[in-house]
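Undergrad: This is the structure, below, for whatever I ask next.
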Amino acid sequence: MISEKTYRPNSPLNQYVDTIWVGQASSLDITSSHYAAMFTELIFNFGDTFHVAGQNIENITNKSDTKILSGLKTRPFQTTISGKYMSVGLILKPFCFGILLDTFGTKKMEYTSEIIYESIFDSSTPDFEKLESNLLGLFHKAQIDSDLIKFEHFTSTNEISNGLMKDFNLSVSISQKSFIQKFKRHYQITPNEYLKLKKINQSIKLIQNNNSMKLTDIALESGFYDQSHFIRNFKKYCGYSPKKHLQHAVR
């Protein structure tokens with residue numbers, strides 16, 4: 001039986017972390033494929049096997065734990081879990097991959113791992129407040145770039161269309177090339193790939209919430225040119241067709 005808990009941190013940690021999740025089971029055997037989501041994830045595994053394979057993934061394994069940093073992807077990825085399951089994951093803002101990459105594998109990350117184990121598993125009741133205060137140490141020197149904040153706001157409040165990036169580039173003081181370089185350092189993918197990922201995730205929400213919609217309507221509402229353009233990108237990012245996802249959603 002799997003025991004699962006989630007916790008949503010408060011300010012200022014919620015600038016970086018959306019959700020903290022905990023999973024525990026005496027034995028688990030899972031191999032699964034996932035579509036490319038809109039978040040970065042930092043996982044601390046204190047059980048047996050927890051392996052993530054795919055694009056933009058960093059793994060560190062030692063005697064006490066396995067740490068996995070998983071960034072944004074333009075292709076599906078695979079997770080394998082087997083044996084004793086004791087894991088804590090941080091669902092992070094997309095740009096946090098670039099922030100955490102420099103501290104991944106450092107003493108600071110090792111100390112964070114010790115605090116996580118002490119707060120969650122070496123306690124009769126998980127102490128999320130203690131964990132929250134200590135997790136801030138991973139981000140205390142981080143500065144969220146103002147151009148990236150502006151990009152997030154711009155793409156959330158404007159329709160994703162062909163001219164969106166051109167309009168955004170006119171609103172910032174740096175060159176398009178400089179912004180793309182900055183964006184890739186934090187997100188690991190280009191701004192245009194990010195916009196496609198955003199549209200794919202929007203289409204998945206439409207499929208799940210409105211499973212009677214036609215694929216053509218889903219494609220257009222999600223910002224794709226037409227159904228063929230939508231299907232081609234959906235297959236790339238998810239590994240299967242939107243029709244197959246729709247069939248799964250109506251079960």
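Residues are referred to by chain and number: the chain letter is A, B, ... according to the order shown in the structure tokens, the number counts from 1 in that chain, and ligands are numbered separately from 1 in the order shown.
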From region 56-183 of chain A, collect each residue whose DSSP state is alpha helix (DSSP H) and return the set as a ChimeraX atom specification.

TA: /A:96-101,107-116,128-135,146-157,164-171,176-183

Undergrad: Could the residues in this selection be written to a file with C-alpha atoms, as a PDB file, in the first residue's frame?

TA:
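Output saved as out.pdb:
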ATOM      1  CA  CYS A  96      14.577  26.413 -11.180  1.00  0.00           C
ATOM      2  CA  PHE A  97      16.599  23.873 -13.160  1.00  0.00           C
ATOM      3  CA  GLY A  98      19.132  26.582 -13.949  1.00  0.00           C
ATOM      4  CA  ILE A  99      19.118  27.828 -10.356  1.00  0.00           C
ATOM      5  CA  LEU A 100      19.705  24.394  -8.805  1.00  0.00           C
ATOM      6  CA  LEU A 101      22.132  22.976 -11.348  1.00  0.00           C
ATOM      7  CA  LYS A 107      27.514  19.927   0.354  1.00  0.00           C
ATOM      8  CA  LYS A 108      24.485  22.224   0.476  1.00  0.00           C
ATOM      9  CA  MET A 109      22.418  19.654  -1.420  1.00  0.00           C
ATOM     10  CA  GLU A 110      23.709  16.852   0.838  1.00  0.00           C
ATOM     11  CA  TYR A 111      22.707  18.846   3.914  1.00  0.00           C
ATOM     12  CA  THR A 112      19.258  19.440   2.412  1.00  0.00           C
ATOM     13  CA  SER A 113      18.895  15.694   1.898  1.00  0.00           C
ATOM     14  CA  GLU A 114      19.700  15.063   5.572  1.00  0.00           C
ATOM     15  CA  ILE A 115      17.129  17.647   6.692  1.00  0.00           C
ATOM     16  CA  ILE A 116      14.486  16.114   4.414  1.00  0.00           C
ATOM     17  CA  PHE A 128       6.742  20.272   6.697  1.00  0.00           C
ATOM     18  CA  GLU A 129       7.238  23.639   8.398  1.00  0.00           C
ATOM     19  CA  LYS A 130      10.743  22.673   9.525  1.00  0.00           C
ATOM     20  CA  LEU A 131      11.458  21.347   6.051  1.00  0.00           C
ATOM     21  CA  GLU A 132      10.142  24.515   4.433  1.00  0.00           C
ATOM     22  CA  SER A 133      12.409  26.795   6.439  1.00  0.00           C
ATOM     23  CA  ASN A 134      15.470  24.696   5.576  1.00  0.00           C
ATOM     24  CA  LEU A 135      14.654  24.389   1.876  1.00  0.00           C
ATOM     25  CA  SER A 146      13.189  40.119 -14.315  1.00  0.00           C
ATOM     26  CA  ASP A 147      13.155  39.287 -18.055  1.00  0.00           C
ATOM     27  CA  LEU A 148      12.085  35.711 -17.284  1.00  0.00           C
ATOM     28  CA  ILE A 149       9.326  36.953 -14.968  1.00  0.00           C
ATOM     29  CA  LYS A 150       8.195  39.293 -17.721  1.00  0.00           C
ATOM     30  CA  PHE A 151       8.196  36.412 -20.217  1.00  0.00           C
ATOM     31  CA  GLU A 152       6.078  34.223 -17.925  1.00  0.00           C
ATOM     32  CA  HIS A 153       3.573  37.034 -17.440  1.00  0.00           C
ATOM     33  CA  PHE A 154       3.546  37.939 -21.137  1.00  0.00           C
ATOM     34  CA  THR A 155       2.895  34.367 -22.297  1.00  0.00           C
ATOM     35  CA  SER A 156       0.224  33.839 -19.633  1.00  0.00           C
ATOM     36  CA  THR A 157      -1.759  36.964 -20.518  1.00  0.00           C
ATOM     37  CA  LEU A 164       4.101  36.434 -29.801  1.00  0.00           C
ATOM     38  CA  MET A 165       7.885  36.110 -29.490  1.00  0.00           C
ATOM     39  CA  LYS A 166       8.437  39.089 -31.798  1.00  0.00           C
ATOM     40  CA  ASP A 167       6.107  41.214 -29.669  1.00  0.00           C
ATOM     41  CA  PHE A 168       7.821  40.062 -26.483  1.00  0.00           C
ATOM     42  CA  ASN A 169      11.316  40.788 -27.836  1.00  0.00           C
ATOM     43  CA  LEU A 170      10.217  44.372 -28.490  1.00  0.00           C
ATOM     44  CA  SER A 171       9.260  44.710 -24.815  1.00  0.00           C
ATOM     45  CA  GLN A 176      16.664  38.266 -28.994  1.00  0.00           C
ATOM     46  CA  LYS A 177      19.872  36.199 -29.051  1.00  0.00           C
ATOM     47  CA  SER A 178      20.812  37.255 -25.499  1.00  0.00           C
ATOM     48  CA  PHE A 179      17.337  36.452 -24.198  1.00  0.00           C
ATOM     49  CA  ILE A 180      17.359  32.986 -25.807  1.00  0.00           C
ATOM     50  CA  GLN A 181      20.763  32.256 -24.243  1.00  0.00           C
ATOM     51  CA  LYS A 182      19.509  33.385 -20.829  1.00  0.00           C
ATOM     52  CA  PHE A 183      16.302  31.399 -21.215  1.00  0.00           C
TER      53      PHE A 183
END

Undergrad: Which neighbours of Leu28 (chain A) fall inside 8 Å, counting only C-alpha atoms, when residues of the same chain fewer than 5 positions from it are skipped, and could you give them as a PyMOL selection string?

TA: chain A and resi 81-85

Undergrad: Name the residues in contact with Ile57 (chain A) at a cut-off of 8 Å, using only C-alpha atoms, excluding same-chain residues fewer than 4 positions from it; report them as a VMD selection string.

TA: chain A and resid 52 to 53 68 to 71

Undergrad: Report as a Markdown table: every residue of region 41-74 of chain A with an atom at most 8 Å from region 187-194 of chain A, its closest pair of atoms, and their distance in Å to one decimal, counting only C-alpha atoms, with rows sorted by chain and ascending residue number.

TA:
| residue | atom | partner | partner_atom | distance |
| --- | --- | --- | --- | --- |
| A:Asn56 | CA | A:Gln188 | CA | 7.0 |
| A:Gly71 | CA | A:Gln188 | CA | 7.1 |
| A:Leu72 | CA | A:Tyr187 | CA | 6.5 |
| A:Lys73 | CA | A:Ile189 | CA | 7.3 |
| A:Thr74 | CA | A:Glu193 | CA | 7.1 |

Undergrad: Which residues come within 10 Å of region 159-163 of chain A, counting only C-alpha atoms, excluding same-chain residues fewer than 6 positions away, as an MDAnalysis selection string?

TA: chainID A and resid 192 195:196 198:199 221:225

Undergrad: Counting only C-alpha atoms, figure out which residue out of A:Thr103, A:Pro94, A:Asp18, A:Gly47 gets nearest to Lys184 (chain A).

TA: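 Closest candidate: A:Pro94.
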
Undergrad: Hey, can you check how far CA of Ser123 (chain A) sits from CA of Ser26 (chain A)?

TA: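 These two atoms are separated by 16.9 Å.
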